[in-house]
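Input: a single structure, listed below in structure tokens.
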Amino acid sequence: MTMVEAIRSTLGDAMERDERVLVLGQDVGVNGGMFRATEGLQRRFGAERVIDMPLAEAVIVGSAVGLACSGLIPIPELQFLGFGSQAFHQIEGQVARYRFRSQGAYPMPIVIRAPFGGNVKTPELHSDSHEAKYVNVPGLKVVMPATARDAKGLLAEAIADPDPVLFCEPLRGYRLISDEVPEEDYTVPLGRARVVRDGSDLVIVAYSAAVVVAEEAAERAAQEGYSVGVLDLRSLVPLDVDALREAVATCGRAVVLHEGSLSAGFGAELVATIQEEAFWSLHAPIGRVAAYDTPYPPGAVEGLYLPSVDRVLAAVRAALEA
């Protein structure tokens, strides 16, 4: 099953189980979403539960706040995470704060779905990886699946969560990522990382579509005689600090990888956490591989901008030879 199929199936199952669950966003109804993640849901559940909204992200998220306050479980879709800046006031100032502001009277069971990421040659603002600025919003959980199986389990868990979740879906993974997905209902707990590959020399820490890059780099490193592991974080908030500590303690070397720009990217938080939690296990400086500190470039040259297997492998060699 592809990732987009897993997401569509999970949304349908959640709406079938609980009539309070509804979907809203631009083109999610008649057209089934930009990437067909909601295809068929309006025909199945009606226009009152799968709601086409105007091209106005602030209105989409703001409407979800009102629906959540009314006891419903809204799942707003932003066509691209890069457009989330248009609704950042609602996300940071309302969605993430209402439970705190109301002393628990108004939880925000909202799941904001937003695709992101490069290597799909989109116009500007479509592929930006802005997850770090949402991690900096207290009260908001941030989830980043890397497989179709995890997309289903994590999304089901996010929908059941009484607190707000930003659910980021990798653009190039919608149809390129395909794996075995159980038909039965299941959830994947938020804040529990996944060991993709064991390694005794170094671990690459990644999330979302960057996990695929990490796996390729680890395989090439194996051909050079190195044992390199891969840790998929799955969620950034909550962060599985225990898994991070254990992975680094096992091998003593680490490289963190993400698509967002380098400065103040989430990799900086990972480096700080590793330094605090596993300092005495480190045998070399922690490596970082990320996009460059420039605006996202035109699609024709995005391959030069995004972290590549070669760049990750170079960071792995540098850490191993330090």
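Residues in the structure tokens are numbered from 1 in each chain, the chains being A, B, ... in the order shown, and ligands are numbered from 1 in the order shown.
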List the spatial neighbours of Gly62 (chain A) as a ChimeraX atom specification - criterion: any atom at most 9 Å away, only C-alpha atoms, same-chain residues fewer than 4 positions off excluded. /A:57-58,66-67,87,90-91,94-95
With a distance cut-off of 7 Å and only C-alpha atoms, select the neighbouring residues of Asn119 (chain A), excluding the residue or stretch itself and same-chain residues fewer than 4 positions from it, and output the selection as a ChimeraX atom specification. /A:172,302-303
Take the residues from that selection and put them in a file with N, CA, C and O atoms, as an mmCIF file, in the first residue's frame.
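Result file again.cif:
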data_model
loop_
_atom_site.group_PDB
_atom_site.id
_atom_site.type_symbol
_atom_site.label_atom_id
_atom_site.label_comp_id
_atom_site.auth_asym_id
_atom_site.auth_seq_id
_atom_site.Cartn_x
_atom_site.Cartn_y
_atom_site.Cartn_z
ATOM 1 N N ARG A 172 7.078 13.518 -1.838
ATOM 2 C CA ARG A 172 7.563 12.493 -2.757
ATOM 3 C C ARG A 172 7.314 11.081 -2.236
ATOM 4 O O ARG A 172 7.492 10.109 -2.953
ATOM 5 N N GLU A 302 16.942 21.824 -7.537
ATOM 6 C CA GLU A 302 16.732 21.462 -6.136
ATOM 7 C C GLU A 302 17.613 20.292 -5.715
ATOM 8 O O GLU A 302 17.896 20.118 -4.522
ATOM 9 N N GLY A 303 18.089 19.499 -6.673
ATOM 10 C CA GLY A 303 18.992 18.405 -6.343
ATOM 11 C C GLY A 303 20.304 18.883 -5.742
ATOM 12 O O GLY A 303 20.963 18.151 -4.997
#
Write out as a list of chain:residue names each polymer residue whose atoms come within 10 Å of Ala151 (chain A), counting only C-alpha atoms; drop sequence neighbours fewer than 4 positions from it. A:Thr2, A:Met3, A:Val4, A:Glu5, A:Ala6, A:Ile7, A:Thr10, A:Val143, A:Met144, A:Pro145, A:Ala146, A:Thr147, A:Leu155, A:Ala156, A:Glu157, A:Phe167, A:Cys168, A:Glu169, A:Val181, A:Thr187, A:Val188, A:Ser208, A:Arg234
I'd like the neighbourhood of region 22-26 of chain A as a ChimeraX atom specification, where a residue qualifies if any of its atoms comes within 9 Å (using only C-alpha atoms), though same-chain residues fewer than 3 positions away should be ignored. /A:11,15,19,29,33-34,38,41,48-57,60-61,63-64,72-79
If you run DSSP on the backbone here, which positions in region 241-296 of chain A get alpha helix (DSSP H)? Please write them as an mmCIF file with C-alpha atoms, in the first residue's frame.
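The new file part.cif reads:
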data_model
loop_
_atom_site.group_PDB
_atom_site.id
_atom_site.type_symbol
_atom_site.label_atom_id
_atom_site.label_comp_id
_atom_site.auth_asym_id
_atom_site.auth_seq_id
_atom_site.Cartn_x
_atom_site.Cartn_y
_atom_site.Cartn_z
ATOM 1 C CA VAL A 241 14.999 10.948 23.914
ATOM 2 C CA ASP A 242 15.582 7.467 25.325
ATOM 3 C CA ALA A 243 15.911 5.914 21.871
ATOM 4 C CA LEU A 244 18.193 8.737 20.779
ATOM 5 C CA ARG A 245 20.429 8.282 23.810
ATOM 6 C CA GLU A 246 20.595 4.507 23.425
ATOM 7 C CA ALA A 247 21.353 4.640 19.704
ATOM 8 C CA VAL A 248 24.291 7.005 20.217
ATOM 9 C CA ALA A 249 25.553 5.185 23.304
ATOM 10 C CA THR A 250 25.733 1.970 21.284
ATOM 11 C CA CYS A 251 28.121 3.300 18.659
ATOM 12 C CA PHE A 266 15.605 20.616 13.992
ATOM 13 C CA GLY A 267 19.005 18.983 13.597
ATOM 14 C CA ALA A 268 20.424 21.621 15.962
ATOM 15 C CA GLU A 269 17.971 20.481 18.641
ATOM 16 C CA LEU A 270 18.977 16.873 18.057
ATOM 17 C CA VAL A 271 22.671 17.718 18.378
ATOM 18 C CA ALA A 272 22.012 19.567 21.647
ATOM 19 C CA THR A 273 19.955 16.653 22.995
ATOM 20 C CA ILE A 274 22.625 14.097 22.072
ATOM 21 C CA GLN A 275 25.302 16.274 23.676
ATOM 22 C CA GLU A 276 23.283 16.517 26.885
ATOM 23 C CA GLU A 277 22.155 12.902 27.036
ATOM 24 C CA ALA A 278 25.083 10.947 25.586
#
Contact residues around Ala210 (chain A) with only C-alpha atoms at 7 Å, ignoring same-chain residues under 5 positions, as JSON, numbers by chain: {"A": [257, 258, 259]}
Could you dump the residues just selected with all heavy atoms as a PDB file, in the first residue's frame?
ATOM      1  N   LEU A 257      20.155  14.239  10.144  1.00  0.00           N
ATOM      2  CA  LEU A 257      19.808  14.536   8.752  1.00  0.00           C
ATOM      3  C   LEU A 257      18.379  15.046   8.671  1.00  0.00           C
ATOM      4  O   LEU A 257      17.465  14.452   9.254  1.00  0.00           O
ATOM      5  CB  LEU A 257      19.965  13.256   7.923  1.00  0.00           C
ATOM      6  CG  LEU A 257      19.337  13.218   6.528  1.00  0.00           C
ATOM      7  CD1 LEU A 257      20.016  14.212   5.594  1.00  0.00           C
ATOM      8  CD2 LEU A 257      19.419  11.800   5.959  1.00  0.00           C
ATOM      9  N   HIS A 258      18.177  16.150   7.955  1.00  0.00           N
ATOM     10  CA  HIS A 258      16.818  16.623   7.678  1.00  0.00           C
ATOM     11  C   HIS A 258      16.827  17.519   6.448  1.00  0.00           C
ATOM     12  O   HIS A 258      17.874  18.022   6.026  1.00  0.00           O
ATOM     13  CB  HIS A 258      16.238  17.375   8.876  1.00  0.00           C
ATOM     14  CG  HIS A 258      17.019  18.580   9.313  1.00  0.00           C
ATOM     15  ND1 HIS A 258      16.978  19.791   8.658  1.00  0.00           N
ATOM     16  CD2 HIS A 258      17.861  18.759  10.362  1.00  0.00           C
ATOM     17  CE1 HIS A 258      17.752  20.660   9.277  1.00  0.00           C
ATOM     18  NE2 HIS A 258      18.310  20.058  10.315  1.00  0.00           N
ATOM     19  N   GLU A 259      15.636  17.728   5.857  1.00  0.00           N
ATOM     20  CA  GLU A 259      15.516  18.521   4.635  1.00  0.00           C
ATOM     21  C   GLU A 259      15.466  20.014   4.885  1.00  0.00           C
ATOM     22  O   GLU A 259      15.716  20.803   3.980  1.00  0.00           O
ATOM     23  CB  GLU A 259      14.264  18.103   3.844  1.00  0.00           C
ATOM     24  CG  GLU A 259      14.433  16.850   3.030  1.00  0.00           C
ATOM     25  CD  GLU A 259      13.314  16.683   2.005  1.00  0.00           C
ATOM     26  OE1 GLU A 259      12.721  17.705   1.585  1.00  0.00           O
ATOM     27  OE2 GLU A 259      13.036  15.536   1.639  1.00  0.00           O
TER      28      GLU A 259
END
Output as number ranges by chain all residues of region 192-242 of chain A that backbone DSSP marks as strand (DSSP E). A: 194-197, 202-206, 228-232, 235-237
Would you write out those residues with N, CA, C and O atoms, as a PDB file, in the first residue's frame?
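And here is the file that came out, again.pdb:
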ATOM      1  N   ARG A 194      11.732   4.526  15.751  1.00  0.00           N
ATOM      2  CA  ARG A 194      11.831   3.212  15.120  1.00  0.00           C
ATOM      3  C   ARG A 194      13.265   2.952  14.688  1.00  0.00           C
ATOM      4  O   ARG A 194      13.868   3.779  13.986  1.00  0.00           O
ATOM      5  N   VAL A 195      13.823   1.831  15.123  1.00  0.00           N
ATOM      6  CA  VAL A 195      15.155   1.444  14.674  1.00  0.00           C
ATOM      7  C   VAL A 195      15.013   0.808  13.292  1.00  0.00           C
ATOM      8  O   VAL A 195      14.481  -0.294  13.154  1.00  0.00           O
ATOM      9  N   VAL A 196      15.463   1.520  12.284  1.00  0.00           N
ATOM     10  CA  VAL A 196      15.352   1.041  10.908  1.00  0.00           C
ATOM     11  C   VAL A 196      16.450   0.041  10.602  1.00  0.00           C
ATOM     12  O   VAL A 196      16.245  -0.968   9.912  1.00  0.00           O
ATOM     13  N   ARG A 197      17.622   0.327  11.130  1.00  0.00           N
ATOM     14  CA  ARG A 197      18.795  -0.481  10.833  1.00  0.00           C
ATOM     15  C   ARG A 197      19.763  -0.377  12.002  1.00  0.00           C
ATOM     16  O   ARG A 197      20.036   0.719  12.487  1.00  0.00           O
ATOM     17  N   LEU A 202      28.222   3.849  13.783  1.00  0.00           N
ATOM     18  CA  LEU A 202      27.620   5.194  13.720  1.00  0.00           C
ATOM     19  C   LEU A 202      26.121   5.033  13.513  1.00  0.00           C
ATOM     20  O   LEU A 202      25.667   4.032  12.941  1.00  0.00           O
ATOM     21  N   VAL A 203      25.342   6.030  13.938  1.00  0.00           N
ATOM     22  CA  VAL A 203      23.910   6.039  13.671  1.00  0.00           C
ATOM     23  C   VAL A 203      23.536   7.335  12.953  1.00  0.00           C
ATOM     24  O   VAL A 203      24.014   8.420  13.297  1.00  0.00           O
ATOM     25  N   ILE A 204      22.711   7.216  11.914  1.00  0.00           N
ATOM     26  CA  ILE A 204      22.130   8.373  11.232  1.00  0.00           C
ATOM     27  C   ILE A 204      20.730   8.576  11.798  1.00  0.00           C
ATOM     28  O   ILE A 204      19.907   7.655  11.790  1.00  0.00           O
ATOM     29  N   VAL A 205      20.466   9.768  12.295  1.00  0.00           N
ATOM     30  CA  VAL A 205      19.164  10.099  12.873  1.00  0.00           C
ATOM     31  C   VAL A 205      18.395  10.943  11.856  1.00  0.00           C
ATOM     32  O   VAL A 205      18.890  11.982  11.397  1.00  0.00           O
ATOM     33  N   ALA A 206      17.209  10.491  11.478  1.00  0.00           N
ATOM     34  CA  ALA A 206      16.453  11.182  10.427  1.00  0.00           C
ATOM     35  C   ALA A 206      14.960  11.026  10.692  1.00  0.00           C
ATOM     36  O   ALA A 206      14.537  10.362  11.649  1.00  0.00           O
ATOM     37  N   VAL A 228      26.651   1.037   9.882  1.00  0.00           N
ATOM     38  CA  VAL A 228      25.933   2.294  10.140  1.00  0.00           C
ATOM     39  C   VAL A 228      24.456   2.005  10.367  1.00  0.00           C
ATOM     40  O   VAL A 228      23.801   1.366   9.532  1.00  0.00           O
ATOM     41  N   GLY A 229      23.937   2.455  11.489  1.00  0.00           N
ATOM     42  CA  GLY A 229      22.528   2.285  11.801  1.00  0.00           C
ATOM     43  C   GLY A 229      21.703   3.488  11.375  1.00  0.00           C
ATOM     44  O   GLY A 229      22.241   4.557  11.054  1.00  0.00           O
ATOM     45  N   VAL A 230      20.392   3.313  11.360  1.00  0.00           N
ATOM     46  CA  VAL A 230      19.455   4.394  11.021  1.00  0.00           C
ATOM     47  C   VAL A 230      18.341   4.403  12.062  1.00  0.00           C
ATOM     48  O   VAL A 230      17.726   3.367  12.340  1.00  0.00           O
ATOM     49  N   LEU A 231      18.093   5.575  12.632  1.00  0.00           N
ATOM     50  CA  LEU A 231      17.010   5.760  13.596  1.00  0.00           C
ATOM     51  C   LEU A 231      15.984   6.722  13.012  1.00  0.00           C
ATOM     52  O   LEU A 231      16.308   7.861  12.668  1.00  0.00           O
ATOM     53  N   ASP A 232      14.752   6.260  12.882  1.00  0.00           N
ATOM     54  CA  ASP A 232      13.645   7.081  12.392  1.00  0.00           C
ATOM     55  C   ASP A 232      12.894   7.636  13.602  1.00  0.00           C
ATOM     56  O   ASP A 232      12.304   6.889  14.380  1.00  0.00           O
ATOM     57  N   SER A 235       8.257  11.079  15.333  1.00  0.00           N
ATOM     58  CA  SER A 235       7.678  12.349  15.773  1.00  0.00           C
ATOM     59  C   SER A 235       8.772  13.208  16.367  1.00  0.00           C
ATOM     60  O   SER A 235       9.726  12.701  16.959  1.00  0.00           O
ATOM     61  N   LEU A 236       8.635  14.507  16.174  1.00  0.00           N
ATOM     62  CA  LEU A 236       9.590  15.468  16.733  1.00  0.00           C
ATOM     63  C   LEU A 236       9.115  15.974  18.087  1.00  0.00           C
ATOM     64  O   LEU A 236       9.925  16.274  18.960  1.00  0.00           O
ATOM     65  N   VAL A 237       7.810  16.089  18.237  1.00  0.00           N
ATOM     66  CA  VAL A 237       7.183  16.407  19.526  1.00  0.00           C
ATOM     67  C   VAL A 237       5.998  15.456  19.693  1.00  0.00           C
ATOM     68  O   VAL A 237       5.053  15.523  18.902  1.00  0.00           O
TER      69      VAL A 237
END
Here is a test: counting only C-alpha atoms, which residue of A:Lys152, A:Arg101, A:Lys141, A:His130 is nearest to Pro115 (chain A)?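 Of A:Lys152, A:Arg101, A:Lys141, A:His130, the one nearest Pro115 (chain A) is A:His130, counting only C-alpha atoms.
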Quick one: residues within 8 Å of Arg220 (chain A), only C-alpha atoms counted, chain neighbours fewer than 4 positions away excluded, as JSON, numbers by chain? {"A": [216, 224, 313]}
Expected file: the selected residues, C-alpha atoms, as an mmCIF file, in the first residue's frame:
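Once written, again01.cif looks like this:
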data_model
loop_
_atom_site.group_PDB
_atom_site.id
_atom_site.type_symbol
_atom_site.label_atom_id
_atom_site.label_comp_id
_atom_site.auth_asym_id
_atom_site.auth_seq_id
_atom_site.Cartn_x
_atom_site.Cartn_y
_atom_site.Cartn_z
ATOM 1 C CA GLU A 216 20.791 4.443 1.080
ATOM 2 C CA GLU A 224 32.936 0.385 2.434
ATOM 3 C CA LEU A 313 28.020 9.604 3.172
#
Nearest residue to Tyr134 (chain A) out of A:Ala291, A:Val211, A:Ala218, A:Ile112, using only C-alpha atoms?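 Looking at the shortest contact to Tyr134 (chain A), the residue is A:Ile112.
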At what distance in Å, to one decimal, does CA of Arg113 (chain A) lie from CA of Ala214 (chain A)?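 Atom-to-atom, CA of Ala214 (chain A) to CA of Arg113 (chain A), that is 24.3 Å.
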Counting only C-alpha atoms, the residue of A:Lys133, A:Arg317, A:Arg311, A:Arg17 that sits nearest Ser263 (chain A): A:Lys133
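One finds CA of Pro170 (chain A) at 17.9 Å from CA of Ser85 (chain A).
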